[in-house]
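Trainee: One structure follows; several queries about it will come next.
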Amino acid sequence: MKQFHFEYHDLESFSQDLSDFKIMCESENIRAKMFQVYSEILECHTMQKVCSAIEQIFPDTLYMGCSTSGNIIDCELSSEITIVCTAFEFPSTQVRIFQYDLQRNDIDQITASILAELEKYPWVKAIETFFTIPEDSTTRFCEGLKTVRADIQIFGGVACSDDITSDKSFVFSQTGEISQKSIVLIFYGGDDFYVDSISVTGWKPLGRKFQVTKSKGSVLQELDGIPAYEVYHKYLNIKNDENFFYNTLEFPLFYEHNNTTILRTPVASNADGSIIMTSDIEIGSVVRISYGDPGTIVESIRHDSRQIADFQPDLLHIFSCAARRTFWTAKEPTYEIYPFQGLSPSCGFFSHGEFLRTNGNLNQHNVTLVIAAMREGKKRASVPAVFVEESRLSKVPLVSRLATFISVTSLELEESNQKLESANEKLKSAAIIDGLTGLYNRKEIQHRIEQSLLQIKEQKFSLIMLDIDNFKQVNDTYGHQEGDNVIIELANILHREQADETRNVSAGRWGGEEFMMLLPGMEGSASSYTANLIRKCFAETEFPFIRPQTISLGVTQAKDDDTLDSLCSRVDMALYRAKKSGKNKVVLI
């Protein structure tokens with residue numbers, strides 16, 4: 001398997017290059033099997049010229065192409081329009097190209113057709129996919145190919161443009177026209193054809209875990225119950241503006257899907273705080289923000305390239321996310337793939353997304369590097385060494401160490417935060433809750449009465465003031481412990497009244513053995529009825545060591561012109577009359 005590449009600048013020079021190449025093929029018996037065109041220029045008429053030249057000079061040779069965000073030849077950036085010819089040396093090696101129109105067929109029909117084609121060609125060992133930027137998620141496409149024979153590898157990329165924020169892209173082949181809504185597939189196989197593929201991210205998860213609590217397709221709505229954007233704003237200070245996409249490129253979300261590490265890149269943020277992702281993230285998924293460190297990334301690639309080196313490829317097909325090219329703006333765009341440079345010839349492009357089948361599942365990746373290695377015939381005797389200049393690598397991958405540190409400490413921090421939140425809740429509670437009874441303290445119940453007076457024109461309310469009869473005798477005769485028990489039993493009755501959320505009752509300890517109840521939306525007569533029920537309930541309460549006790553209650557309805565003093569004086573007067581008239585009574589003023 002050999003690779004030859006050309007650059008298109010104009011039709012005349014390109015046609016001449018192809019003609020010279022054809023003469024060489026005939027003289028050296030080279031089987032030119034397939035042309036692949038990678039173009040950063042999204043001009044259909046230019047692509048038609050390229051296709052016409054190939055068809056005219058190599059009429060029986062397959063070809064396909066796609067738009068890109070940059071082209072790669074031998075791990076270096078190549079020209080805006082790059083054409084690669086793959087020549088197969090073994091007669092048994094076979095290739096087929098298919099193109100599917102996404103406007104004429106839905107995804108289920110397309111995947112069904114692919115499965116049917118695979119039944120016709122049992123020699124297939126690999127499928128290379130080229131997608132135009134999809135309007136919807138590619139999940140259905142990936143799920144539709146789940147039953148593909150286990151030994152068939154699937155890899156590829158999503159076509160792109162030089163503007164990675166644009167949704168414009170195209171694919172084409174000799175079996176179909178130049179299209180902005182199509183899929184092109186290449187089947188590879190044969191007895192002497194071998195293939196291997198890997199994916200590399202190099203990004204490391206940072207910080208705490210978040211659970212996806214609300215999402216719809218590729219729209220990530222909530223993480224841990226809060227708008228997804230708030231996570232990026234809180235932890236990274238990224239604003240919800242036109243630069244959101246560029247500012248989040250270095251910080252994709254990291255999660256496990258189909259037993260594989262997946263990165264998902266935010267594309268845009270919405271006014272409601274949701275984030276549009278490059279593909280689906282299911283509800284219940286656990287995600288973490290990730291970050292890329294140059295030294296760590298290259299070291300990861302260097303490590304994973306050993307698998308490809310052991311495979312001993314004849315050539316490599318490289319699909320690198322356009323976001324990674326943006327990440328390496330301070331260096332050469334192909335800086336990270338230098339470890340593969342000495343292994344074999346290579347070609348590829350910077351893509352909008354990457355595909356790879358792992359553990360029987362096809363996944364769309366983002367911010368990921370996918371490498372497909374191909375070979376004809378058995379391995380050679382010796383394995384080529386993978387060489388990377390040490391000066392190109394970070395001596396101390398700081399972010400890798402930082403990621404480990406943060407990962408270890410995140411759980412401890414979360415536990416500390418939970419304890420702190422609990423402590424804060426207790427402090428807030430202590431400021432408004434009476435320690436003995438668990439009801440509101442005087443300050444809080446008085447505040448609630450004042451707030452109700454401010455809204456009295458919108459909602460009427462009544463007050464009940466309660467006092468334990470002859471309470472001093474209980475303390476003097478039985479001791480303060482028993483006196484506290486009597487207070488607590490009365491508080492329990494008021495707690496039950498307060499627990500009825502439909503009435504929104506507030507009960508508080510006014511002082512000593514006195515209590516106050518605020519009853520929103522309730523008139524005086526209804527409040528008197530409630531007060532009498534409380535009186536009876538308390539009178540029937542049994543105490544282990546003392547006789548039953550009673551309470552007296554005063555009731556009044558707030559008026560539009562009431563102040564806190566006038567209202568409290570009136571309900572206190574009602575309580576006084578209940579006491580004066582014999583106790584264990586309810587008096588309404």
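The chains in the structure tokens are called A, B, ... from first to last as shown; in each chain the residues are counted from 1, and the ligands are counted from 1 in the order shown.
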Considering only C-alpha atoms, return as a list in words whatever protein or nucleic-acid residues lie within 12 Å of A:Ser429, sequence-local ones (same chain, fewer than 6 positions apart) excluded.
Mentor: Ser422, Ala423, Gly435, Gly438, Leu439, Tyr440, Asn441 and Glu444 of chain A
Trainee: Would you mind exporting N, CA, C and O atoms of the selected residues as a PDB file, in the first residue's frame?
Mentor:
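File written: result.pdb
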```pdb
ATOM      1  N   SER A 422     -24.410  22.513  56.074  1.00  0.00           N
ATOM      2  CA  SER A 422     -25.214  22.042  57.208  1.00  0.00           C
ATOM      3  C   SER A 422     -25.044  22.969  58.409  1.00  0.00           C
ATOM      4  O   SER A 422     -26.012  23.313  59.093  1.00  0.00           O
ATOM      5  N   ALA A 423     -23.781  23.380  58.648  1.00  0.00           N
ATOM      6  CA  ALA A 423     -23.520  24.287  59.772  1.00  0.00           C
ATOM      7  C   ALA A 423     -24.197  25.632  59.557  1.00  0.00           C
ATOM      8  O   ALA A 423     -24.753  26.226  60.492  1.00  0.00           O
ATOM      9  N   GLY A 435     -34.908  27.641  71.085  1.00  0.00           N
ATOM     10  CA  GLY A 435     -34.153  26.427  71.387  1.00  0.00           C
ATOM     11  C   GLY A 435     -34.943  25.358  72.102  1.00  0.00           C
ATOM     12  O   GLY A 435     -34.753  24.164  71.858  1.00  0.00           O
ATOM     13  N   GLY A 438     -38.535  24.590  69.473  1.00  0.00           N
ATOM     14  CA  GLY A 438     -38.384  24.356  68.035  1.00  0.00           C
ATOM     15  C   GLY A 438     -39.309  25.216  67.209  1.00  0.00           C
ATOM     16  O   GLY A 438     -39.312  25.132  65.974  1.00  0.00           O
ATOM     17  N   LEU A 439     -40.142  26.052  67.853  1.00  0.00           N
ATOM     18  CA  LEU A 439     -40.983  27.006  67.136  1.00  0.00           C
ATOM     19  C   LEU A 439     -40.158  28.265  66.846  1.00  0.00           C
ATOM     20  O   LEU A 439     -39.021  28.402  67.302  1.00  0.00           O
ATOM     21  N   TYR A 440     -40.749  29.202  66.092  1.00  0.00           N
ATOM     22  CA  TYR A 440     -40.065  30.464  65.853  1.00  0.00           C
ATOM     23  C   TYR A 440     -39.863  31.204  67.176  1.00  0.00           C
ATOM     24  O   TYR A 440     -40.681  31.097  68.099  1.00  0.00           O
ATOM     25  N   ASN A 441     -38.767  31.952  67.278  1.00  0.00           N
ATOM     26  CA  ASN A 441     -38.580  32.794  68.456  1.00  0.00           C
ATOM     27  C   ASN A 441     -39.375  34.090  68.296  1.00  0.00           C
ATOM     28  O   ASN A 441     -39.999  34.331  67.252  1.00  0.00           O
ATOM     29  N   GLU A 444     -38.635  36.397  65.259  1.00  0.00           N
ATOM     30  CA  GLU A 444     -39.083  35.916  63.951  1.00  0.00           C
ATOM     31  C   GLU A 444     -40.600  35.993  63.813  1.00  0.00           C
ATOM     32  O   GLU A 444     -41.115  36.412  62.770  1.00  0.00           O
TER      33      GLU A 444
END
```
Trainee: Can you pull out the residues contacting A:Asp280? Cut-off 9 Å, using only C-alpha atoms, and skip same-chain residues under 4 positions away; I want them as a list in words.
Mentor: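 In the requested form, the answer reads Ser137, Thr138, Thr139, Ser215, Lys216, Gly217, Ser218, Val219, Leu220 and Arg264 of chain A.
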Trainee: For A:Ser69, please output as JSON, numbers by chain all residues within 12 Å (counting only C-alpha atoms; exclusion window: fewer than 2 positions along the same chain).
Mentor: {"A": [38, 39, 40, 41, 42, 66, 67, 71, 72, 77, 78, 79, 80, 81, 157, 158, 159, 160, 161, 162, 163, 164, 165, 166, 167, 168, 169, 170, 319, 320, 321, 322, 323, 324, 325, 326, 333, 348, 349, 350, 351, 352, 353]}
Trainee: Find, counting only C-alpha atoms, the residue in A:Ile97, A:Leu236, A:Cys568, A:Leu206 that gets nearest to A:Gly292.
Mentor: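 When distances to A:Gly292 are compared using only C-alpha atoms, the smallest one comes from A:Leu206.
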Trainee: Counting only C-alpha atoms, what is within 6 Å of A:Leu223, bar same-chain residues fewer than 4 positions away, as a VMD selection string?
Mentor: chain A and resid 210 to 213 228
Trainee: Which of these residues is nearest to A:Lys331, using only C-alpha atoms: A:Ser569, A:Cys347, A:Met374, A:Pro294?
Mentor: A:Pro294
Trainee: Nearest to A:Ile488 among A:Tyr291, A:Phe172, A:Phe538, A:Tyr246, with distances taken over only C-alpha atoms: which residue is it?
Mentor: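 With only C-alpha atoms as the atom set, the closest residue is A:Phe538.
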Trainee: Let's see if you can do this: from backbone DSSP, list all helix (DSSP H, G or I) residues in stretch 524-554 of chain A, as a list in words.
Mentor: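 In stretch 524-554 of chain A, DSSP puts these residues in helix (DSSP H, G or I): Gly524, Ser525, Ala526, Ser527, Ser528, Tyr529, Thr530, Ala531, Asn532, Leu533, Ile534, Arg535, Lys536, Cys537, Phe538 and Ala539 of chain A.
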Trainee: Pick out the residues sitting within 6 Å of A:Phe155, and hand them over as number ranges by chain; count only C-alpha atoms, and ignore anything fewer than 6 positions along from it in its own chain.
Mentor: A: 128, 355-356
Trainee: Distance atom CA of A:Phe471-atom CA of A:Met516, one decimal place?
Mentor: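 Pair atom CA of A:Phe471 / atom CA of A:Met516 returns 16.8 Å.
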Trainee: If we count only C-alpha atoms, what is near A:Ala309 at a cut-off of 12 Å, once residues fewer than 3 positions away on the same chain are taken out, given as a ChimeraX atom specification?
Mentor: /A:196-198,301-306,312-316,339-344,371-375,379-380,382-387
Trainee: If you count only C-alpha atoms, which residues fall within 6 Å of stretch 30-35 of chain A, apart from same-chain ones fewer than 3 positions away, as a list in words?
Mentor: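 What passes the distance filter is Cys25, Thr61, Leu62, Tyr63, Val84, Cys85, Thr86, Ala87 and Phe88 of chain A.
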Trainee: From the list A:Gln109, A:Asn584, A:Ser552, A:Gln455, which residue is nearest A:Phe515 when using only C-alpha atoms?
Mentor: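 Checking each candidate against A:Phe515, we get A:Ser552 as the closest.
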Trainee: Could you pull out the residues in stretch 143-361 of chain A that DSSP calls strand (DSSP E) from the backbone, as a VMD selection string?
Mentor: chain A and resid 153 to 158 171 to 173 176 to 179 182 to 189 193 to 200 204 to 205 210 to 216 219 to 223 226 to 227 253 to 257 260 to 264 266 to 269 275 to 277 286 to 291 315 to 321 346 to 351 353 to 358 361
